[in-house]
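Comments concern the structure below.
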Amino acid sequence: MITKVVMPKLSDAMETGKVIQWLKKEGDAVKGGDIIAEIETDKANVEIEAFGGGVLRKIVVGPGGQVPVGDLIAIIAEPSDDVSGVVAASPSRGEAPSVAARANEKPSTAAPARSLPPMETYQSVPATTKVVPMAEAPSPALVATASGRVKASPLARKIAAQSGIDLRVISGSGPAGRIVRRDVEGALSAPRPAPAVSPAPTPSPGPARPAVFVIPSRADAEFEDMALTPMRAAIARRMPLSKAPVPHFYVTSELAMDRAMELRTELNGLDGQPKISVNDLVIKACAFALLKNPGVNASLVAAAGGAGDQPPQAIRVHRRAHIGLAVALEQGLITPVLRDCDVKPLGRIAVEARDLAERARAGKLRAQEMSGATFTISNLGMFDVEEFSAIINPPEGAILAVGSVVEKPVVDNGQIRVGRRMKVTVSCDHRVMDGAMGARFLQDVKRLLEEPLRLLL
Amino acid sequence: MAVMTYREALNLALREEMRRDPRVFVIGEEVGLYEGAYKVTQGLLKEFGEKRIIDTPIAESGFTGIGVGAAMLGLRPVVEMMTFNFSILALDQIVNSAAKMLYMSGGQYNVPLVVRGPGGPAAQLAAQHSQSMETYFYHVPGLKVVRPSTPADAKGLLKSAIRDDNPVIFIEAETLYAVKGEVPDDPDFTIPLGKAIVRREGTDVTVIAYMGMMYRALEVAEDLAKDGISVEIVDPRTLRPMDTATIVGSVRKTHRAVVLEAGAGFAGMGSEISAFITENAFDDLDAPVERVTGENAPMPYARNLELLKTPSKAKIAAAIRRVCYA
């Protein structure tokens, strides 16, 4: 059996992907589920699995190669299978994944497997018939590749690595824009802060005179343009797609967290049990509340064809609570998805949430862990943030922004005492739901966290 | 230190080694009465007699075979090829007998043989007499291959070749026989095989070149110095074993390399040198290693075409400028 390995669509926003490395070589035996390669998307690095067994017969796109989603990147087959037809039929014609070889390929939005004619018609085409001159106008695919792959001499790379400079912010002066040593050294010396200027010796006319403040000459650049990392570019592209067309409304509620914190302390005192965080309690509470308020656990289904101004087709109500967890990274953020939170016990949620967050920070998330959320939680509590509001991550219908648990005076039966409070704000898509639905959802979240034993049921 | 020609330096080396070791003898076409087609054996017949300076018929395979047999039995023959292009006729004796005898006899017979004579492009010697024959030999395990560029190297390396217990291919150049240089007088002066030399120090680019190409590189280096490009020139001197440490060390310093080669480039010396530079100094390279080689064609007789076939100063300078991004 021949299994075509194609560039997977790892997120709704993903258009192209880059092969970082192959973990199997051509000729290696693979079975379904083996991790065969690492792929870089605009969001993260993910590992991809083989969906069929056999031998990795052909790597079509080598390390560094960037191709549109759906393009053939490798072939898994039995040793006896003839795979030449598959290679010939692939858009890159089985040649090395050079930019030149792809230069006149249009990134196909249709599924390539379906749009291709039967293999037989391609089998007679020699693999080398296509010669593409380098000078052809770059297609979108080429531009994407050019922005993903930095051309630099080995020495320039070494110097950049040693001095911690990002090659992506340097423009190369060598052939075809190659970054060479002088470019890196130039970048290293250019924005260096001006050396301390020794003040000119001033004759002191008398003690009482106020000193004139002289701004020292500042030779360093007034500003610096930093190139967008792929992740930052993706966020910049995606967020207006949410905030502009999606009419957000916000509902905020303050929750008494005293009992939840007590429960957490008690749970964390148990021997051999996973440590539970406040966020884990919030996840579980949201999962229950989402199932009880399916109108919040909902997405707008766009009309086929996807044009933004067409009337929406349906509201999809999810019967599962797959919760995206916003994880802050140095260069942006990522939302791994914790699935089936409605049925997972709290301990399980704690273990999996921690694992997802750690792997998200290490760039080790799997493809399927990055998409499919029905709702997202963004928690800035660790930054001592009292409250904030978040931007919905389409096509989800809502997102919960969680602030810190703070001690504050509260009135309780006519008495003032110290209580622990937490503010949460849900951002809702008004096309899908209304204020009261958001409020009822928050009411349920509030009740679950204020009577937290419910979370253990 | 005496100033002498390359030819005289070779003659002196032969004379000294024949005086030093009675097992050394010279055999080849016109080496005795005519004193060598290029006069390298001048005066040797008179000093050493016809038992040690042996004229042969025009039969390269035959007299090279005599040399191999004599070497196996303990003598130290120096076989002269009138031009190294004729060694093609003796290829079987050199490649299959001389190079492999120690291995195939299980260490019983070593072959302390020197095959020497001029090779490489010269002046209008045309297609059959202008070939860079070293490419035929350095591929063969069991052979050492020497290309000496200066009179001192010619003397010091030929003496080492004669004293070596293995077959040594020693290729001189017609165009260098008249080149003069200082040569140490010490009869025990030798230059070890397998040691490269830095002919000119520089900081921006390493040029690897030998024989006529080395002299051409020196001229180009002077021209480019006026433009602020500092060229280092490394002369390998022995092609096998190759002193890769000196070459790689120089490239680590300059971060760029250009390899010159008089013969056609395909699978030539430049391919080998650029390969091991890439393997050993990849992270130190600021540009791909460039090769400047002869064109892929037989050497034409016409002078203007001959000049087009061999690497010109302009081509060498252009390659150096490319790797320097200048």
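Here, A, B, ... name the chains of the structure tokens in the order displayed, residue numbers run from 1 inside each chain, and ligands are numbered from 1 in the same displayed order.
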
Using only C-alpha atoms, I'd like a table of the residues in chain B that come within 12 Å of chain A; for each, show the closest atom pair and its distance in Å rounded to one decimal, ordered by chain and ascending number, as a tab-separated table.
```
residue	atom	partner	partner_atom	distance
B:Asp204	CA	A:Arg181	CA	11.9
B:Val251	CA	A:Leu155	CA	11.5
B:Arg252	CA	A:Leu155	CA	9.9
B:Lys253	CA	A:Leu155	CA	11.4
B:Thr254	CA	A:Leu155	CA	10.9
B:His255	CA	A:Leu155	CA	7.5
B:Arg256	CA	A:Leu155	CA	9.9
B:Thr278	CA	A:Pro154	CA	10.2
B:Ala281	CA	A:Pro154	CA	9.4
B:Phe282	CA	A:Pro154	CA	6.3
B:Asp283	CA	A:Pro154	CA	4.7
B:Asp284	CA	A:Leu155	CA	4.8
B:Leu285	CA	A:Leu155	CA	5.2
B:Asp286	CA	A:Leu155	CA	5.0
B:Ala287	CA	A:Ser153	CA	6.1
B:Pro288	CA	A:Ser153	CA	8.2
B:Val289	CA	A:Ser153	CA	11.4
B:Arg321	CA	A:Gly174	CA	11.9
B:Arg322	CA	A:Pro175	CA	9.1
B:Val323	CA	A:Gly174	CA	9.5
B:Cys324	CA	A:Gly174	CA	9.5
B:Tyr325	CA	A:Gly174	CA	6.4
B:Ala326	CA	A:Gly174	CA	9.6
```

Residue neighbourhood range 219-231 of chain B, 9 Å, only C-alpha atoms, exclusion window fewer than 3 positions, as a CSV table (one decimal) with C-alpha atoms, in the first residue's frame:
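Listing of out.csv after writing:
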```csv
chain,number,residue,atom,x,y,z
B,200,ARG,CA,52.8,34.1,0.6
B,201,GLU,CA,51.0,35.1,3.7
B,202,GLY,CA,47.6,36.8,3.5
B,203,THR,CA,44.5,37.3,5.5
B,204,ASP,CA,41.5,37.4,3.1
B,205,VAL,CA,41.6,34.3,0.9
B,206,THR,CA,43.7,31.1,0.6
B,207,VAL,CA,44.8,30.2,-2.9
B,214,MET,CA,51.5,28.9,-8.2
B,215,TYR,CA,53.7,31.5,-9.9
B,216,ARG,CA,50.6,32.9,-11.7
B,254,THR,CA,41.1,33.5,5.8
B,313,LYS,CA,45.3,35.7,-14.4
B,314,ALA,CA,42.0,37.4,-15.2
B,316,ILE,CA,42.0,33.7,-11.2
B,317,ALA,CA,41.5,37.3,-10.0
B,320,ILE,CA,39.3,35.5,-5.8
B,321,ARG,CA,37.1,38.6,-6.0
B,324,CYS,CA,35.8,37.9,-1.2
B,326,ALA,CA,34.6,42.3,-3.7
```

Contacts of range 34-49 of chain B within 6 Å, only C-alpha atoms, excl. fewer than 3 positions in-chain, as number ranges by chain: B: 7, 11, 30-31, 52-53

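Counting only C-alpha atoms, Leu176 in chain B has the following residues at most 8 Å away, ignoring those fewer than 5 positions along the same chain: Tyr6, Ser149, Thr150, Met211 and Gly212 of chain B.
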
Nearest residue to Gly324 in chain A from the set A:Met370, A:Leu291, A:Val282, A:Val86 (distances using only C-alpha atoms): A:Met370

Counting only C-alpha atoms, which residues in range 361-437 of chain A sit no more than 12 Å from range 230-243 of chain A? For each one, give the nearest pair of atoms and the distance in Å, sorted by chain then residue number, as JSON lines.
```
{"residue": "A:Gly363", "atom": "CA", "partner": "A:Met231", "partner_atom": "CA", "distance": 11.7}
{"residue": "A:Ser389", "atom": "CA", "partner": "A:Lys243", "partner_atom": "CA", "distance": 12.0}
{"residue": "A:Ala390", "atom": "CA", "partner": "A:Lys243", "partner_atom": "CA", "distance": 9.9}
{"residue": "A:Ile391", "atom": "CA", "partner": "A:Lys243", "partner_atom": "CA", "distance": 6.5}
{"residue": "A:Ile392", "atom": "CA", "partner": "A:Ser242", "partner_atom": "CA", "distance": 6.3}
{"residue": "A:Asn393", "atom": "CA", "partner": "A:Ser242", "partner_atom": "CA", "distance": 6.6}
{"residue": "A:Pro394", "atom": "CA", "partner": "A:Ser242", "partner_atom": "CA", "distance": 6.2}
{"residue": "A:Pro395", "atom": "CA", "partner": "A:Ser242", "partner_atom": "CA", "distance": 8.7}
{"residue": "A:Glu396", "atom": "CA", "partner": "A:Ser242", "partner_atom": "CA", "distance": 9.9}
{"residue": "A:Gly397", "atom": "CA", "partner": "A:Ser242", "partner_atom": "CA", "distance": 10.4}
{"residue": "A:Ala398", "atom": "CA", "partner": "A:Ser242", "partner_atom": "CA", "distance": 11.2}
{"residue": "A:Ile399", "atom": "CA", "partner": "A:Ser242", "partner_atom": "CA", "distance": 11.8}
{"residue": "A:Ser427", "atom": "CA", "partner": "A:Lys243", "partner_atom": "CA", "distance": 10.8}
{"residue": "A:Cys428", "atom": "CA", "partner": "A:Lys243", "partner_atom": "CA", "distance": 11.1}
{"residue": "A:Asp429", "atom": "CA", "partner": "A:Ser242", "partner_atom": "CA", "distance": 9.5}
{"residue": "A:His430", "atom": "CA", "partner": "A:Lys243", "partner_atom": "CA", "distance": 11.8}
```

List every residue of range 234-325 of chain B that DSSP, applied to the backbone, labels as strand (DSSP E or B), and write the result as a short mmCIF file (atom, residue, chain, number, x, y, z; two decimals) with N, CA and C atoms, in the first residue's frame.
```cif
data_model
loop_
_atom_site.label_atom_id
_atom_site.label_comp_id
_atom_site.auth_asym_id
_atom_site.auth_seq_id
_atom_site.Cartn_x
_atom_site.Cartn_y
_atom_site.Cartn_z
N VAL B 234 49.08 28.80 -0.67
CA VAL B 234 49.61 27.56 -0.12
C VAL B 234 49.96 26.64 -1.28
N ASP B 235 51.17 26.14 -1.26
CA ASP B 235 51.66 25.20 -2.28
C ASP B 235 51.72 23.83 -1.62
N THR B 238 53.53 18.15 -2.19
CA THR B 238 53.24 16.73 -2.36
C THR B 238 51.71 16.60 -2.46
N LEU B 239 51.24 15.97 -3.53
CA LEU B 239 49.79 15.85 -3.70
C LEU B 239 49.26 14.62 -2.97
N ARG B 240 50.15 13.62 -2.85
CA ARG B 240 49.76 12.46 -2.05
C ARG B 240 50.98 11.89 -1.39
N ALA B 257 38.49 30.13 0.05
CA ALA B 257 39.50 29.35 -0.65
C ALA B 257 39.23 29.32 -2.14
N VAL B 258 40.31 29.41 -2.91
CA VAL B 258 40.26 29.23 -4.36
C VAL B 258 41.34 28.22 -4.71
N VAL B 259 40.97 27.18 -5.44
CA VAL B 259 41.94 26.16 -5.83
C VAL B 259 42.24 26.32 -7.31
N LEU B 260 43.53 26.38 -7.64
CA LEU B 260 43.92 26.51 -9.05
C LEU B 260 44.41 25.16 -9.56
N GLU B 261 44.13 24.92 -10.83
CA GLU B 261 44.50 23.64 -11.41
C GLU B 261 44.71 23.87 -12.90
N ALA B 262 45.90 23.48 -13.40
CA ALA B 262 46.19 23.73 -14.81
C ALA B 262 45.39 22.82 -15.72
N GLY B 263 45.15 21.57 -15.27
CA GLY B 263 44.44 20.62 -16.11
C GLY B 263 42.94 20.85 -16.05
N ALA B 264 42.21 20.03 -16.84
CA ALA B 264 40.75 20.12 -16.84
C ALA B 264 40.23 19.79 -15.44
N GLU B 290 35.97 27.99 -4.50
CA GLU B 290 35.97 28.12 -5.97
C GLU B 290 37.13 27.34 -6.56
N ARG B 291 36.92 26.81 -7.73
CA ARG B 291 38.01 26.19 -8.48
C ARG B 291 38.22 26.97 -9.76
N VAL B 292 39.47 27.19 -10.11
CA VAL B 292 39.80 27.75 -11.41
C VAL B 292 40.64 26.70 -12.11
N THR B 293 40.13 26.14 -13.20
CA THR B 293 40.80 25.00 -13.82
C THR B 293 40.94 25.25 -15.32
N GLY B 294 41.72 24.38 -15.95
CA GLY B 294 41.79 24.41 -17.40
C GLY B 294 40.44 24.05 -18.00
#
```
